[in-house]
Structures are given as C-alpha cells and as structure tokens.
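*Asks:* Got a structure here, written out as structure tokens. Questions coming.
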Amino acid sequence: MRKRILAAALAMLLLLATVGCTPSQTSSQPSDSGGESPSDPAQSAGTEPADSAALNPGIDPTTDGGLYANVDYSQQEQFSYTYAGVGMSTEVQDFSQCDDIMCTIENKFNFRFEEATNLTWDNWDETMRIWINSGDMPDVMFYNINYADLSNYVDQGLIREIPMENFAENYPMLNNVLERTEISNQFVERFGGLYILPRVVYRDPPTDPLVGHQMLVLRKDWLQALGFEIKDRYTPSELIDFCSQVAAATDLPGAIPGQTFGIDSTHLNYLCQIFVQPYNPYYDTFYFDEEKGQYVWGAEDPSTLEGLRVMQEAWNKGVLHKEFYISTNRNPSSNLASGLAAAVFDCGTGMCTFGTYNQFVSVEGNDGANLHYAASVADDGIAYNSETTNYWGGTIFSPSLSDEKLTRFLQMLDWISSDPGQYLLRLGIYGQDWGYDDEGNMEILRPQNESGSWPSIGSIYPSLGNFLECMTVCTDGFSLEDPALPVEIRDAVNATFAIKAEGKIRPIDWDLQLFSGTYYDKFVSSMDYGDELSALVVADGDIEANFNAWVEANRPVVQNVLDELNSSITK
Amino acid sequence: MLSASKRIPSVAPHRRPIPLHRRILRNWETYVLLLPGLVWYFIFCYMPMGGLTLAFKSYKANLGILGSPWVGLSNYEYVFNDPAFFQALINTLIISAVRILVEFPVPIILALLLGEIRRKGYQKALQTIYTFPNFLSWVVVAGVMINVFESSGLVNGLIVSLGGEEVNFLSSSTSMFVLLFVTNIWKSAGWSSIIYLAAIAGIDSEQYEAATIDGASRFQQMIYITLPSLLPTISVMLILQIGNMMNAGFDQIFNLSNPAVEESLDVLDTYIYRITFQASADFSFSTAISLMKSLVNFLLVILANFSSKRLTDNGLFE
C-alpha cells in the first residue's frame, strides 16, 4: 500500500512540475492616476533649452543650470527601471559600482537602473522582437528602428504611447532634440502619436541634407613614396592605381610584401560605395523614376555593371583583400596598423577616426603623422552620397510602465539633452576631467596616455558607452569639436563633410522610407547589396553575364515589390 | 480408458481478453507513472501543433494564435514567387542527397573497421579519437576550416611552397561543396558509428566461430555475417536520414558559407533564417515554410519506410 501511495505521490509531483511550467498571467497596467504631478520644471528654472551643439565657453558647468535645478527629487518616491540596449560597456551592469556620472544622474533624479541588459549586435533585433511580442520587454529599451515592426507594435499596443500633450512645454530640451530629425515628425504623422524617441546623431548636422560619415584614411608615407599627390579627395581610379602599386611593392616601410593589399572596410556595402555608387547612386534601392512616372529597381540599371567592373578590377589588382567577402578578413583599423592595408574606408566620425589613429600609433614604429584623411569621390571629382536620416535607433517604453515612472524618465532625458547634461556626458566632470584655462578656453584635465593623446571619456566612465552618452543625442556631432581630439582629425572630418556637402546627394524619399508591404519588407531586409554585388565580383565567368543572370533571377520578386510600390504610392 | 487427447485438451480454452480499462485499473500504479510523460507529450508535442494554424494566419501578438486573422495561402505566395526559395530548395535536396550517398556509408564502414580490431584498448582509443570532433561546435570547426583554406592558410601555404599557384578555395562553390561533406564526415562519422558498433556487439559470436571452423576469412565474415546483421539498423538509420532530407545542416552551412558561395550553399533553413530574422518579424511566414518542410519530410519518411519494407523487410514502422 505504501508503495502505491508513493507511486501516486511521485506521479502527481511530476505532473505538477510539468504543468507548473506554464507562464504566469500577471500583467500590470499603466496607472490611470495621471502621473506623479511633477513640479513644472520649465517654470521652476526658466533656463533656455540648449539649441546648439557648439561648445559654449560661456556656460558655467559648476551649477546645475538646467530646468531641473530647483526640483528636489529626493523628496519624491525613488523609482527603479529595467533597461536593455546594445553594445554597452559590460561594467555598466554592475550597479554596485556605479561610476560618478551614473551616480550623478541617478541621484539627481532619484532613480536607479535596477537592471541593464546588454545585448550583442547580432542578437539585438531578434531578442527585442521576442520580448516585445511576448509582452516581456524591460521598462525602457534602445530599439533598432524597423518601420514595419514598429508599425505593428503601435497597432497592437505593444509599446507605450508617450503623451504629447504639452510635450514641448514639459520637455523643451528633449523636444528641441527631436526636432533635429525629420523622422520624429514622420512617425508622429503616421502613427498618430508619439511612441518612440529617436536618438539624434547630430544636434547640428554637418551637412544639409545629412550624409553618411564614411571617410578614407590612407598611408601618407606610402602615397609619398610612390609619388602620389596628397589630396583631400581620391577617385576610384586613383585609389586603384595607388593600391595596386602598394600591393606590388616590395620595399615600402611597414608593408608586408605579398600580403599587403589596398583598401579595407568593415562592410561590403562601404566598398560598393567607393566603386559602384559613383556610377549608380541608386544601386541599393528602389527609386521613383520621373520619366517613367513609376518606381524602378535601381540595381538593374546597366550603370551598376560599370561600377562592378571597376570593383572587379580593384579585386584583380590586389586593391581589395583576396577574400574580402569573408567578414573575418575585414578588420580595417587593425589591418591598417599592422601594414596589411594601405587605406581604410570606414566610419569617419571624429571618434571613429581617432580610434583608427590610436590603433595605428599603438603599433611600435608607426607614426600618426603617416596617416592621411580624405574623401572618396567619383572620377569626375564629385562626391555622390545618399541623404541619411539624422537618427540612430530610438528609445521605447514598456506599455506597463506607469505614468509616474515614464514622466521621471522623460525628465531625466530632458535634462541630459540640456547643455549641463551634455557637458557632463561629453566632457566628464567639471574640474576633474575638464575646465577652463586662464584665457577662458576649454582644457582637458584628464591625464594623457603614453601616446600623448587623451583617453576617451567613455573609457573612464563605463556608464557612458552606448548607454547614457547616447540616450538622446549621440556623440558623432560632438566629435566634430571635441577638444580632446587631435585638431588635424577634427579638421579632416569637417573637411570631408564639406566635400560631401558640395557633391551630389540623393534625397530621402519618405514615402519609400516608411513604406511597408509584404513583398517590399521581405525583399529589402533580405537583400544585402554589399554581399550580392561582392559575390558577382568574385564569381567565375563573365561579369556581365553573371550580372544579367542575377537581375533576371531577382526579377519575379522585384516585380512584385514594384507592383506593391506603384499601386500604393502616388506621386 | 480415455485417450490422452480426450483427457488433456489439445487447445487451451479460449479466454476473453481483459478490457483496457480493467487492465489499467488493475495496474494503476504502473499506469499512473506513465501520466507525467503523457502529459508532457501532450503539452509540449501535441498542443504546439495547434500553432501550425499560424501558417494560414497573419499573426498578431496581441490577438494570439487563435485570435489572429486567417489569410489563407497568402503566406506561401511570396515563397512561390521568390527565386531564392527555389534555389534554396534545390540546394537543400542536392546537399541532402549527396550526404546520403557520400556521408551515410562512412560511419558504417568505420564501424566495420573498428569492429575488426581485436586489441580492445586500441579500438577504444581510436573510437575516442573519431568521436571527439562531434563535441566541437560548428562555429569552432568553421573558423578553423576557413583559416586552413584561406589564401594565406595552411593548405595554400603548402601549395605555394611546393611551387603551385594559390587557390581561392573559399570563393569556389565546388571546393566549398567538398569542404561541406569532408568536414561533416570528419566531425560526425565517429559519433554516428557508435550505433553500428553497438549493433555489431549484439551479433551472436557463435556465427563467427562457425564461420571460422568452415574456413571463412575475416573479410568474408564481415561481408556475410556482420553486414547482413547490420542491415536492420542500416535500414532504420537510412529511413531517418531520408526523413530529415529537408534539413541540410543549418549550423554547418551558416558558419561555413560566405557571400561568394551563398547562392550554392543557401538551404531552406538559412533562407528561413534570413527572411524571418533579418526582416520584420513574421512568425506566420516562418511557420508556413516550416510546415511545408515538415510535410515533405513526413512524406519522405513514409516513402522510405515503404521502400525499405519492400526491399529488405525491415522498416521503422508497420
């Protein structure tokens, strides 16, 4: 009898354990109470919102100076938030060791980041998609904007709407930032409300319209040794000429004969920008053809083939790595520093370029003066670029976040968008990391490293890296004027933007940018032009025949996409 | 005197079979132990099958699987208009077929060879060496292989040092195709041979003793005793392999492939991954393709089982 009871008990236990694995049905609804009745910060402080990215020597950073100077949050309830983002410094997740900048902001607004999940670049989209769809998203997330997904989330109430009533009055600095990117208005118009706070890349865009920042960094000593002119721009044919000579040379200082190649880049699409874009600015998109009065597929134009021939010539002559199509072979900064690459075409913000410079000088025997910075242009000397939208991802909120918590977080975002907030995030703590000299000029106080340059502020305060530093305004714009960067790098980045500004810029087609359709969504997101065109470059056989076959192979689904576009968008 | 046949019935009296419910009641302790397993199966294997309806719906997270609107076959419309799908389908079938032709016999041969080794210590050592690669991740194996075969890798270094010309293995569909099979054989043959070794161990040793007395050589014993005894196992494994034809090995291909050979190595799983996870989320779409894959696999299993039963009298099920 005892055995029977034991068997029954064990069976029940197993059964319960199995059934117990079903998800709980708990859900928390946003509070209806209307929030924590924050004091009106705009009225309480009265400071004007920051409206310029330019460093303002007149600011007194020793005072709070912002709208929230007189708000005492310590008298209010302390809130905690869960957060998820990507590429953050891993140290930021150790909240027992909050750094000075994080502590300053948390204490000022009396909240804590209870948990910050750092997602990796390759699982960022996928993880967030699963969290949002399953209703398990953290309170606040840094979201990689995918219009079709976002539109679905809004329709289904999976992300929280941000109250727009008196938004400009309640959060003037945040509002000021959002106005810097057209995408904010477009989203509000299409969604009928505010659901996402796009992170603005430049408070003052360096070009109008804004273009990508990719830039060439070349070995100046090799250019000189091979008798090439030091210029502010290089054409594909000049690059092929220089790089092929580098690949063939046996006596260039620092080069590795037989292994050194020409140009390296992180993305295959960047390489297409050098070689294909000058021939066909629309090689990677659909566009509205005014003559035909309808949308067409840019890639199928014969001009793409012209660019592909040039790219293939570059590959055959050793301008590109023999196996440039494999991602592990694309390490631009590292290859430039080790003498494997003669040039890189990559991220060209001040920060990125300084990173490339730092990696270069970290190798013994390398001199930073041997680097030259330039723009990539077409053979006619003109830069061809596409207009880019001034944002990188955006902040979204959980539908279960209470009004009070949302308000407090928005106030924090509003403050870090102000000059005092931005100075803290960009330059560090006044008197400790930076200050003013006797003549009133800004000076960097943090100690220089062995190479004589200043370490990045993010390396001192882990909470900045892809977390606090980029919650409303990214650092790209600031790096055009960051006093901690070498002057020659800042000047080179600005000069490259100037060359792009005077070139031809393909404007954004907002109808297309925010279009969503069954065929279009799948085609656009699964078609990687960098991959596809690179495959054509290295394929056996005649490139024209391969290109035509590729166009024909894609035609059925492209035709469906075009049908969708032409039936949905009227110009 | 009664004859023996009259005294002792030649046939046992017919007894009515005990109904199932009475058997269950009589042995309820045993049956109750089955319950958790059955519940587990029902919850995790049969209930999710309801989710297959997603293949014909447009899934909305807030409406759930049941509440999402029906869309008929529209999820299949994109697929059947996409040349990349057909290319992936063809690649999948080709790769799987070559796997069956080239890879499937290798563990059998390996098991036969290992089974012939008389020194047990040596046999175990070899078995361990052959099995070890199975525990390596494809990420690691692919990374190593790419390093070995790239232009500045070991193989090209050897070719060049012997006076040959560098070969661009990684952009060649043919060489990547060969690499696909060679690496999979290297990685999994040892592991797969275990099941055949177990079957060999189960063969009655008296058969070998009798064959030895009859003068059969070791090779003849292998051909006429070991191999026929392995046939039921081989049949089952072959049926399972055929039933898995639409899965050409995502992990391996995803890690070994590169843009230059993607057209030749893109299989259904990589296609689904690309179009589902790199696009906006479309759970209905990926369910639709997966359902189609499962149906084809199911049909292949039935077909293979039928053929096997006709040819060898062995099958996975009746």
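Order determines the names: the first chain of the structure tokens is A, the second B, and so forth; residues in each chain are numbered 1 upward, and ligands are numbered 1 upward as they are shown.
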So that I can check the surroundings of range 220-223 of chain A, please list as JSON, numbers by chain every protein, DNA and RNA residue that reaches within 6 Å of it, counting only C-alpha atoms and ignoring chain neighbours fewer than 5 positions away.
*Replies:* {"A": [228, 370, 371, 372]}
*Asks:* Run DSSP on the backbone and tell me which residues of range 403-456 of chain A come out as helix (DSSP H, G or I); list them as a ChimeraX atom specification.
*Replies:* /A:403-416,419-427
*Asks:* Any idea what's packed within 8 Å of range 248-251 of chain B, counting only C-alpha atoms, ignoring anything in its chain fewer than 5 positions away? Could you give it as a PyMOL selection string?
*Replies:* chain B and resi 92-93+95-96+138-139+267-270
*Asks:* Only N, CA, C and O atoms, please: the residues just picked out, written as a JSON list (two decimals), in the first residue's frame.
*Replies:*
```
[["chain", "number", "residue", "atom", "x", "y", "z"],
["B", 92, "THR", "N", 19.07, 22.41, -51.02],
["B", 92, "THR", "CA", 18.79, 21.53, -49.88],
["B", 92, "THR", "C", 18.72, 20.07, -50.33],
["B", 92, "THR", "O", 19.33, 19.18, -49.72],
["B", 93, "LEU", "N", 17.98, 19.86, -51.41],
["B", 93, "LEU", "CA", 17.82, 18.48, -51.89],
["B", 93, "LEU", "C", 19.15, 17.91, -52.39],
["B", 93, "LEU", "O", 19.48, 16.75, -52.12],
["B", 95, "ILE", "N", 22.26, 18.83, -51.52],
["B", 95, "ILE", "CA", 23.18, 18.62, -50.40],
["B", 95, "ILE", "C", 22.76, 17.38, -49.59],
["B", 95, "ILE", "O", 23.59, 16.54, -49.23],
["B", 96, "SER", "N", 21.45, 17.27, -49.34],
["B", 96, "SER", "CA", 20.97, 16.12, -48.56],
["B", 96, "SER", "C", 21.19, 14.81, -49.30],
["B", 96, "SER", "O", 21.57, 13.80, -48.71],
["B", 138, "TRP", "N", 30.17, 23.93, -34.40],
["B", 138, "TRP", "CA", 30.40, 24.28, -35.81],
["B", 138, "TRP", "C", 31.04, 25.64, -35.95],
["B", 138, "TRP", "O", 31.73, 25.91, -36.93],
["B", 139, "VAL", "N", 30.81, 26.50, -34.98],
["B", 139, "VAL", "CA", 31.45, 27.82, -35.03],
["B", 139, "VAL", "C", 32.97, 27.64, -35.01],
["B", 139, "VAL", "O", 33.71, 28.26, -35.78],
["B", 267, "VAL", "N", 20.49, 27.05, -48.12],
["B", 267, "VAL", "CA", 19.50, 25.97, -47.99],
["B", 267, "VAL", "C", 18.22, 26.53, -47.35],
["B", 267, "VAL", "O", 18.18, 27.69, -46.95],
["B", 268, "LEU", "N", 17.21, 25.69, -47.24],
["B", 268, "LEU", "CA", 15.93, 26.20, -46.74],
["B", 268, "LEU", "C", 16.04, 26.84, -45.36],
["B", 268, "LEU", "O", 15.44, 27.87, -45.09],
["B", 269, "ASP", "N", 16.85, 26.22, -44.49],
["B", 269, "ASP", "CA", 16.97, 26.77, -43.14],
["B", 269, "ASP", "C", 17.63, 28.14, -43.13],
["B", 269, "ASP", "O", 17.22, 29.03, -42.38],
["B", 270, "THR", "N", 18.67, 28.31, -43.94],
["B", 270, "THR", "CA", 19.31, 29.63, -43.98],
["B", 270, "THR", "C", 18.39, 30.64, -44.65],
["B", 270, "THR", "O", 18.36, 31.82, -44.30]]
```
*Asks:* Pick out the chain B residues within 7 Å of chain A. Count only C-alpha atoms. Give them as a PyMOL selection string.
*Replies:* chain B and resi 29+32-33+35-36+40+61-62+78+81-83+171+258-260+274-275+277-281
*Asks:* For the structure I just gave you, how does DSSP split range 376-553 of chain A - specifically, which residues are strand (DSSP E or B)? Reply as a PyMOL selection string.
*Replies:* chain A and resi 376+384-387+394-397+430+434-436+442-444+473+504-506
*Asks:* So that I have them on file, write out the residues from the current selection with C-alpha atoms, as a compact mmCIF listing (two decimals), in the first residue's frame.
*Replies:*
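As written to disk, out09.txt reads:
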```
# COMPACT_ATOMS: atom_id res chain seq x y z
CA SER A 376 36.10 59.20 -51.65
CA TYR A 384 27.97 61.05 -54.65
CA ASN A 385 26.10 60.31 -51.46
CA SER A 386 22.68 59.44 -50.16
CA GLU A 387 20.86 61.60 -47.69
CA GLY A 394 15.33 55.16 -30.59
CA THR A 395 14.07 54.77 -27.05
CA ILE A 396 10.81 52.95 -26.47
CA PHE A 397 8.91 52.22 -23.30
CA TYR A 430 33.98 69.77 -14.46
CA TRP A 434 37.92 69.33 -17.97
CA GLY A 435 37.94 73.01 -17.14
CA TYR A 436 38.81 76.46 -18.46
CA MET A 442 38.34 74.84 -22.61
CA GLU A 443 41.06 72.45 -21.48
CA ILE A 444 41.14 68.75 -20.84
CA VAL A 473 21.99 62.84 -28.67
CA LYS A 504 25.50 65.29 -55.30
CA ILE A 505 23.20 63.97 -52.63
CA ARG A 506 20.38 61.56 -53.32
```
*Asks:* What's the 9 Å shell around Ile185 in chain B, counting only C-alpha atoms, without same-chain residues fewer than 6 positions away, as a list in words?
*Replies:*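 Near Ile185 in chain B, the qualifying residues are Val102, Glu103, Phe104, Val106 and Pro107 of chain B.
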*Asks:* Would you kindly return, as an MDAnalysis selection string, each protein, DNA or RNA residue with an atom no farther than 10 Å from any atom of Ser257 in chain B, considering only C-alpha atoms and excluding same-chain residues fewer than 4 positions away?
*Replies:* (chainID A and resid 326) or (chainID B and resid 142 146 170:171 173 176:177 180 252:253 261:266)
*Asks:* Quick one, how far is CA of Tyr273 in chain B from CA of Phe149 in chain B?
*Replies:*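 CA of Phe149 in chain B lies 26.4 Å from CA of Tyr273 in chain B.
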